[in-house]
Amino acid sequence: MKIIKVMLALIVVAISMYGLMTKDFSYAPISSLLLGILFAIMGIEEYKMKGKNGWGLVLIIGSLLIIAMALFSF
């Protein structure tokens with residue numbers, strides 16, 4: 001799971017840096033979608049570790065919002 005998180009984070013950073021350097025934001029929805037997936041994975045892990053007292057539920061709700069916005073922007 002850690003490898004997947006690192007790979008998603010690197011891909012999101014690379015796509016975002018590309019958009020900022022070239023001012024071509026056509027890949028921004030893909031970056032947002034991958035960021036939402038990353039937040040979902042982090043939220044699930046946090047929820048499993050600490051239960052209802054941690055940040056897991058907040059991350060999961062945030063990831064759903066980010067994924068919804070990314071899907072509507074395609």
# chains A, B, ... in the order shown; residues from 1 in each chain; ligands from 1

$ residues_around --residues "range 4-20 of chain A" --least-positions-apart "6" --cutoff "7 Å" --atoms "only C-alpha atoms" --output "ChimeraX atom specification"
/A:27,31,34-35,38

$ write_last_selection --atoms "all heavy atoms" --output "short mmCIF file (atom, residue, chain, number, x, y, z; two decimals), in the first residue's frame"
data_model
loop_
_atom_site.label_atom_id
_atom_site.label_comp_id
_atom_site.auth_asym_id
_atom_site.auth_seq_id
_atom_site.Cartn_x
_atom_site.Cartn_y
_atom_site.Cartn_z
N TYR A 27 -4.43 18.53 -18.23
CA TYR A 27 -4.30 17.31 -17.44
C TYR A 27 -4.71 17.50 -15.98
O TYR A 27 -4.53 16.60 -15.16
CB TYR A 27 -2.87 16.78 -17.49
CG TYR A 27 -2.42 16.38 -18.88
CD1 TYR A 27 -1.46 17.10 -19.56
CD2 TYR A 27 -3.01 15.30 -19.52
CE1 TYR A 27 -1.06 16.74 -20.83
CE2 TYR A 27 -2.63 14.94 -20.78
CZ TYR A 27 -1.65 15.66 -21.43
OH TYR A 27 -1.28 15.30 -22.69
N SER A 31 -5.05 14.82 -12.66
CA SER A 31 -4.32 15.04 -11.42
C SER A 31 -5.27 15.07 -10.22
O SER A 31 -4.98 14.49 -9.17
CB SER A 31 -3.55 16.35 -11.51
OG SER A 31 -2.90 16.64 -10.31
N LEU A 34 -6.50 11.48 -9.46
CA LEU A 34 -5.48 10.70 -8.76
C LEU A 34 -5.28 11.19 -7.33
O LEU A 34 -5.03 10.39 -6.42
CB LEU A 34 -4.16 10.76 -9.54
CG LEU A 34 -4.17 10.06 -10.89
CD1 LEU A 34 -2.84 10.30 -11.60
CD2 LEU A 34 -4.44 8.58 -10.75
N LEU A 35 -5.41 12.49 -7.11
CA LEU A 35 -5.31 13.04 -5.75
C LEU A 35 -6.47 12.54 -4.89
O LEU A 35 -6.28 12.20 -3.72
CB LEU A 35 -5.28 14.56 -5.79
CG LEU A 35 -5.09 15.27 -4.46
CD1 LEU A 35 -3.70 14.97 -3.92
CD2 LEU A 35 -5.29 16.75 -4.63
N LEU A 38 -5.72 9.03 -3.96
CA LEU A 38 -4.69 9.02 -2.91
C LEU A 38 -5.30 9.34 -1.55
O LEU A 38 -5.01 8.68 -0.55
CB LEU A 38 -3.59 10.03 -3.26
CG LEU A 38 -2.48 10.21 -2.24
CD1 LEU A 38 -1.69 8.92 -2.08
CD2 LEU A 38 -1.57 11.35 -2.64
#

$ select_by_dssp --residues "chain A" --states "alpha helix (DSSP H)" --output "MDAnalysis selection string"
chainID A and resid 2:22 28:50 56:72

$ closest_residue --among "A:Ile3, A:Phe39, A:Gly56, A:Ile30" --to "Leu71 in chain A" --atoms "only C-alpha atoms"
A:Ile30

$ atom_distance --atom1 "CA of Ser73 in chain A" --atom2 "CA of Met42 in chain A"
23.4 Å

$ atom_distance --atom1 "CA of Ser63 in chain A" --atom2 "CA of Ile41 in chain A"
9.0 Å

$ residues_around --residues "Ile66 in chain A" --least-positions-apart "4" --cutoff "8 Å" --atoms "only C-alpha atoms" --output "list in words"
Ser32, Leu33, Leu35, Gly36, Gly62 and Ala70 of chain A

$ write_last_selection --atoms "N, CA, C and O atoms" --output "compact mmCIF listing (two decimals), in the first residue's frame"
# COMPACT_ATOMS: atom_id res chain seq x y z
N SER A 32 -6.42 15.73 -10.38
CA SER A 32 -7.40 15.78 -9.30
C SER A 32 -7.98 14.41 -9.00
O SER A 32 -8.19 14.06 -7.83
N LEU A 33 -8.24 13.64 -10.03
CA LEU A 33 -8.76 12.28 -9.83
C LEU A 33 -7.77 11.41 -9.07
O LEU A 33 -8.13 10.72 -8.12
N LEU A 35 -5.41 12.49 -7.11
CA LEU A 35 -5.31 13.04 -5.75
C LEU A 35 -6.47 12.54 -4.89
O LEU A 35 -6.28 12.20 -3.72
N GLY A 36 -7.67 12.47 -5.46
CA GLY A 36 -8.80 11.93 -4.73
C GLY A 36 -8.62 10.47 -4.37
O GLY A 36 -8.97 10.04 -3.26
N GLY A 62 -13.51 13.98 1.91
CA GLY A 62 -12.78 14.89 1.03
C GLY A 62 -12.42 14.23 -0.29
O GLY A 62 -12.51 14.86 -1.36
N ALA A 70 -13.56 16.08 -10.10
CA ALA A 70 -12.70 15.69 -11.22
C ALA A 70 -13.51 15.03 -12.32
O ALA A 70 -13.28 15.27 -13.51

$ atom_distance --atom1 "CA of Asp24 in chain A" --atom2 "CA of Leu65 in chain A"
23.7 Å

$ residues_around --residues "Glu45 in chain A" --least-positions-apart "4" --cutoff "12 Å" --atoms "only C-alpha atoms" --output "short mmCIF file (atom, residue, chain, number, x, y, z; two decimals) with N, CA and C atoms, in the first residue's frame"
data_model
loop_
_atom_site.label_atom_id
_atom_site.label_comp_id
_atom_site.auth_asym_id
_atom_site.auth_seq_id
_atom_site.Cartn_x
_atom_site.Cartn_y
_atom_site.Cartn_z
N MET A 1 0.82 -1.18 0.00
CA MET A 1 0.00 0.00 0.00
C MET A 1 0.87 1.26 0.00
N LYS A 2 2.01 1.17 0.67
CA LYS A 2 2.89 2.33 0.75
C LYS A 2 3.46 2.67 -0.63
N LYS A 5 0.83 4.54 -2.62
CA LYS A 5 0.70 5.93 -2.18
C LYS A 5 1.84 6.79 -2.71
N LEU A 38 -5.72 9.03 -3.96
CA LEU A 38 -4.69 9.02 -2.91
C LEU A 38 -5.30 9.34 -1.55
N PHE A 39 -6.17 10.36 -1.50
CA PHE A 39 -6.84 10.70 -0.24
C PHE A 39 -7.72 9.54 0.24
N ALA A 40 -8.38 8.85 -0.67
CA ALA A 40 -9.23 7.72 -0.28
C ALA A 40 -8.39 6.61 0.35
N ILE A 41 -7.26 6.31 -0.25
CA ILE A 41 -6.38 5.27 0.31
C ILE A 41 -5.87 5.69 1.68
N MET A 49 -6.79 2.23 11.30
CA MET A 49 -5.87 2.34 12.43
C MET A 49 -6.53 2.93 13.67
N LYS A 50 -7.23 4.04 13.51
CA LYS A 50 -7.72 4.77 14.68
C LYS A 50 -9.23 4.73 14.84
N GLY A 51 -9.94 4.14 13.92
CA GLY A 51 -11.39 4.07 14.05
C GLY A 51 -12.06 5.40 13.78
N LYS A 52 -13.11 5.69 14.51
CA LYS A 52 -13.89 6.90 14.25
C LYS A 52 -13.28 8.15 14.86
N GLY A 54 -10.11 9.26 14.37
CA GLY A 54 -9.03 9.84 13.58
C GLY A 54 -9.53 10.69 12.42
N TRP A 55 -8.61 11.01 11.52
CA TRP A 55 -8.90 11.83 10.35
C TRP A 55 -9.41 10.99 9.18
N GLY A 56 -9.58 9.71 9.35
CA GLY A 56 -9.96 8.83 8.26
C GLY A 56 -11.26 9.22 7.59
N LEU A 57 -12.27 9.51 8.37
CA LEU A 57 -13.57 9.86 7.80
C LEU A 57 -13.50 11.20 7.05
N LEU A 59 -10.84 12.42 5.52
CA LEU A 59 -10.13 12.17 4.28
C LEU A 59 -11.01 11.45 3.26
N ILE A 60 -11.83 10.51 3.72
CA ILE A 60 -12.71 9.79 2.80
C ILE A 60 -13.76 10.72 2.21
#

$ decode --residues "range 37-52 of chain A" --atoms "all heavy atoms" --output "PDB file, in the first residue's frame"
ATOM      1  N   ILE A  37      -8.057   9.708  -5.293  1.00  0.00           N
ATOM      2  CA  ILE A  37      -7.784   8.293  -5.014  1.00  0.00           C
ATOM      3  C   ILE A  37      -6.739   8.165  -3.909  1.00  0.00           C
ATOM      4  O   ILE A  37      -6.855   7.323  -3.016  1.00  0.00           O
ATOM      5  CB  ILE A  37      -7.338   7.567  -6.299  1.00  0.00           C
ATOM      6  CG1 ILE A  37      -8.502   7.525  -7.291  1.00  0.00           C
ATOM      7  CG2 ILE A  37      -6.824   6.171  -5.997  1.00  0.00           C
ATOM      8  CD1 ILE A  37      -8.119   7.056  -8.680  1.00  0.00           C
ATOM      9  N   LEU A  38      -5.722   9.026  -3.961  1.00  0.00           N
ATOM     10  CA  LEU A  38      -4.693   9.024  -2.909  1.00  0.00           C
ATOM     11  C   LEU A  38      -5.302   9.344  -1.550  1.00  0.00           C
ATOM     12  O   LEU A  38      -5.008   8.679  -0.553  1.00  0.00           O
ATOM     13  CB  LEU A  38      -3.590  10.027  -3.257  1.00  0.00           C
ATOM     14  CG  LEU A  38      -2.484  10.206  -2.235  1.00  0.00           C
ATOM     15  CD1 LEU A  38      -1.691   8.918  -2.077  1.00  0.00           C
ATOM     16  CD2 LEU A  38      -1.575  11.351  -2.645  1.00  0.00           C
ATOM     17  N   PHE A  39      -6.174  10.360  -1.496  1.00  0.00           N
ATOM     18  CA  PHE A  39      -6.844  10.695  -0.238  1.00  0.00           C
ATOM     19  C   PHE A  39      -7.719   9.543   0.243  1.00  0.00           C
ATOM     20  O   PHE A  39      -7.810   9.291   1.449  1.00  0.00           O
ATOM     21  CB  PHE A  39      -7.682  11.954  -0.398  1.00  0.00           C
ATOM     22  CG  PHE A  39      -6.925  13.235  -0.227  1.00  0.00           C
ATOM     23  CD1 PHE A  39      -5.553  13.276  -0.276  1.00  0.00           C
ATOM     24  CD2 PHE A  39      -7.602  14.418  -0.011  1.00  0.00           C
ATOM     25  CE1 PHE A  39      -4.861  14.454  -0.120  1.00  0.00           C
ATOM     26  CE2 PHE A  39      -6.929  15.611   0.152  1.00  0.00           C
ATOM     27  CZ  PHE A  39      -5.546  15.623   0.102  1.00  0.00           C
ATOM     28  N   ALA A  40      -8.383   8.848  -0.674  1.00  0.00           N
ATOM     29  CA  ALA A  40      -9.229   7.722  -0.282  1.00  0.00           C
ATOM     30  C   ALA A  40      -8.392   6.611   0.347  1.00  0.00           C
ATOM     31  O   ALA A  40      -8.772   6.047   1.387  1.00  0.00           O
ATOM     32  CB  ALA A  40      -9.998   7.188  -1.486  1.00  0.00           C
ATOM     33  N   ILE A  41      -7.260   6.311  -0.245  1.00  0.00           N
ATOM     34  CA  ILE A  41      -6.378   5.272   0.307  1.00  0.00           C
ATOM     35  C   ILE A  41      -5.872   5.690   1.683  1.00  0.00           C
ATOM     36  O   ILE A  41      -5.871   4.896   2.635  1.00  0.00           O
ATOM     37  CB  ILE A  41      -5.208   4.998  -0.658  1.00  0.00           C
ATOM     38  CG1 ILE A  41      -5.727   4.320  -1.923  1.00  0.00           C
ATOM     39  CG2 ILE A  41      -4.146   4.125   0.014  1.00  0.00           C
ATOM     40  CD1 ILE A  41      -4.690   4.201  -3.013  1.00  0.00           C
ATOM     41  N   MET A  42      -5.464   6.941   1.808  1.00  0.00           N
ATOM     42  CA  MET A  42      -4.989   7.424   3.108  1.00  0.00           C
ATOM     43  C   MET A  42      -6.110   7.402   4.141  1.00  0.00           C
ATOM     44  O   MET A  42      -5.881   7.052   5.312  1.00  0.00           O
ATOM     45  CB  MET A  42      -4.437   8.839   2.960  1.00  0.00           C
ATOM     46  CG  MET A  42      -3.138   8.908   2.199  1.00  0.00           C
ATOM     47  SD  MET A  42      -2.608  10.577   1.763  1.00  0.00           S
ATOM     48  CE  MET A  42      -2.685  11.423   3.302  1.00  0.00           C
ATOM     49  N   GLY A  43      -7.321   7.765   3.735  1.00  0.00           N
ATOM     50  CA  GLY A  43      -8.451   7.764   4.654  1.00  0.00           C
ATOM     51  C   GLY A  43      -8.814   6.373   5.127  1.00  0.00           C
ATOM     52  O   GLY A  43      -9.122   6.167   6.304  1.00  0.00           O
ATOM     53  N   ILE A  44      -8.789   5.409   4.215  1.00  0.00           N
ATOM     54  CA  ILE A  44      -9.102   4.028   4.595  1.00  0.00           C
ATOM     55  C   ILE A  44      -8.068   3.499   5.575  1.00  0.00           C
ATOM     56  O   ILE A  44      -8.414   2.858   6.570  1.00  0.00           O
ATOM     57  CB  ILE A  44      -9.203   3.146   3.338  1.00  0.00           C
ATOM     58  CG1 ILE A  44     -10.446   3.529   2.537  1.00  0.00           C
ATOM     59  CG2 ILE A  44      -9.229   1.669   3.704  1.00  0.00           C
ATOM     60  CD1 ILE A  44     -10.509   2.918   1.155  1.00  0.00           C
ATOM     61  N   GLU A  45      -6.800   3.769   5.302  1.00  0.00           N
ATOM     62  CA  GLU A  45      -5.751   3.320   6.223  1.00  0.00           C
ATOM     63  C   GLU A  45      -5.905   3.974   7.597  1.00  0.00           C
ATOM     64  O   GLU A  45      -5.760   3.317   8.624  1.00  0.00           O
ATOM     65  CB  GLU A  45      -4.377   3.640   5.653  1.00  0.00           C
ATOM     66  CG  GLU A  45      -3.950   2.731   4.540  1.00  0.00           C
ATOM     67  CD  GLU A  45      -2.551   3.046   4.060  1.00  0.00           C
ATOM     68  OE1 GLU A  45      -2.002   4.105   4.417  1.00  0.00           O
ATOM     69  OE2 GLU A  45      -2.022   2.219   3.309  1.00  0.00           O
ATOM     70  N   GLU A  46      -6.180   5.265   7.606  1.00  0.00           N
ATOM     71  CA  GLU A  46      -6.340   5.985   8.876  1.00  0.00           C
ATOM     72  C   GLU A  46      -7.562   5.483   9.643  1.00  0.00           C
ATOM     73  O   GLU A  46      -7.528   5.346  10.864  1.00  0.00           O
ATOM     74  CB  GLU A  46      -6.463   7.485   8.589  1.00  0.00           C
ATOM     75  CG  GLU A  46      -6.413   8.364   9.801  1.00  0.00           C
ATOM     76  CD  GLU A  46      -5.017   8.553  10.342  1.00  0.00           C
ATOM     77  OE1 GLU A  46      -4.046   8.360   9.599  1.00  0.00           O
ATOM     78  OE2 GLU A  46      -4.913   8.892  11.533  1.00  0.00           O
ATOM     79  N   TYR A  47      -8.638   5.225   8.926  1.00  0.00           N
ATOM     80  CA  TYR A  47      -9.864   4.743   9.569  1.00  0.00           C
ATOM     81  C   TYR A  47      -9.648   3.364  10.180  1.00  0.00           C
ATOM     82  O   TYR A  47     -10.157   3.072  11.262  1.00  0.00           O
ATOM     83  CB  TYR A  47     -11.001   4.701   8.551  1.00  0.00           C
ATOM     84  CG  TYR A  47     -12.352   4.467   9.164  1.00  0.00           C
ATOM     85  CD1 TYR A  47     -13.016   5.490   9.834  1.00  0.00           C
ATOM     86  CD2 TYR A  47     -12.971   3.225   9.099  1.00  0.00           C
ATOM     87  CE1 TYR A  47     -14.250   5.291  10.408  1.00  0.00           C
ATOM     88  CE2 TYR A  47     -14.199   3.008   9.664  1.00  0.00           C
ATOM     89  CZ  TYR A  47     -14.839   4.042  10.317  1.00  0.00           C
ATOM     90  OH  TYR A  47     -16.064   3.826  10.890  1.00  0.00           O
ATOM     91  N   LYS A  48      -8.886   2.512   9.500  1.00  0.00           N
ATOM     92  CA  LYS A  48      -8.592   1.182  10.037  1.00  0.00           C
ATOM     93  C   LYS A  48      -7.708   1.265  11.278  1.00  0.00           C
ATOM     94  O   LYS A  48      -7.862   0.474  12.198  1.00  0.00           O
ATOM     95  CB  LYS A  48      -7.896   0.319   8.983  1.00  0.00           C
ATOM     96  CG  LYS A  48      -8.824  -0.206   7.933  1.00  0.00           C
ATOM     97  CD  LYS A  48      -8.069  -1.093   6.966  1.00  0.00           C
ATOM     98  CE  LYS A  48      -8.963  -1.630   5.883  1.00  0.00           C
ATOM     99  NZ  LYS A  48      -8.207  -2.458   4.930  1.00  0.00           N
ATOM    100  N   MET A  49      -6.788   2.228  11.302  1.00  0.00           N
ATOM    101  CA  MET A  49      -5.866   2.342  12.433  1.00  0.00           C
ATOM    102  C   MET A  49      -6.530   2.930  13.669  1.00  0.00           C
ATOM    103  O   MET A  49      -6.395   2.402  14.768  1.00  0.00           O
ATOM    104  CB  MET A  49      -4.658   3.207  12.057  1.00  0.00           C
ATOM    105  CG  MET A  49      -3.643   2.488  11.241  1.00  0.00           C
ATOM    106  SD  MET A  49      -2.180   3.434  10.795  1.00  0.00           S
ATOM    107  CE  MET A  49      -2.192   4.882  11.781  1.00  0.00           C
ATOM    108  N   LYS A  50      -7.226   4.041  13.508  1.00  0.00           N
ATOM    109  CA  LYS A  50      -7.721   4.768  14.679  1.00  0.00           C
ATOM    110  C   LYS A  50      -9.229   4.726  14.841  1.00  0.00           C
ATOM    111  O   LYS A  50      -9.745   5.284  15.792  1.00  0.00           O
ATOM    112  CB  LYS A  50      -7.272   6.226  14.593  1.00  0.00           C
ATOM    113  CG  LYS A  50      -5.777   6.376  14.668  1.00  0.00           C
ATOM    114  CD  LYS A  50      -5.370   7.808  14.717  1.00  0.00           C
ATOM    115  CE  LYS A  50      -3.857   7.909  14.800  1.00  0.00           C
ATOM    116  NZ  LYS A  50      -3.404   9.281  14.803  1.00  0.00           N
ATOM    117  N   GLY A  51      -9.943   4.139  13.923  1.00  0.00           N
ATOM    118  CA  GLY A  51     -11.389   4.071  14.047  1.00  0.00           C
ATOM    119  C   GLY A  51     -12.057   5.398  13.776  1.00  0.00           C
ATOM    120  O   GLY A  51     -11.626   6.168  12.935  1.00  0.00           O
ATOM    121  N   LYS A  52     -13.106   5.692  14.508  1.00  0.00           N
ATOM    122  CA  LYS A  52     -13.889   6.901  14.251  1.00  0.00           C
ATOM    123  C   LYS A  52     -13.282   8.153  14.861  1.00  0.00           C
ATOM    124  O   LYS A  52     -13.782   9.243  14.654  1.00  0.00           O
ATOM    125  CB  LYS A  52     -15.311   6.714  14.775  1.00  0.00           C
ATOM    126  CG  LYS A  52     -16.069   5.654  14.024  1.00  0.00           C
ATOM    127  CD  LYS A  52     -17.474   5.531  14.517  1.00  0.00           C
ATOM    128  CE  LYS A  52     -18.197   4.470  13.720  1.00  0.00           C
ATOM    129  NZ  LYS A  52     -19.556   4.271  14.178  1.00  0.00           N
TER     130      LYS A  52
END
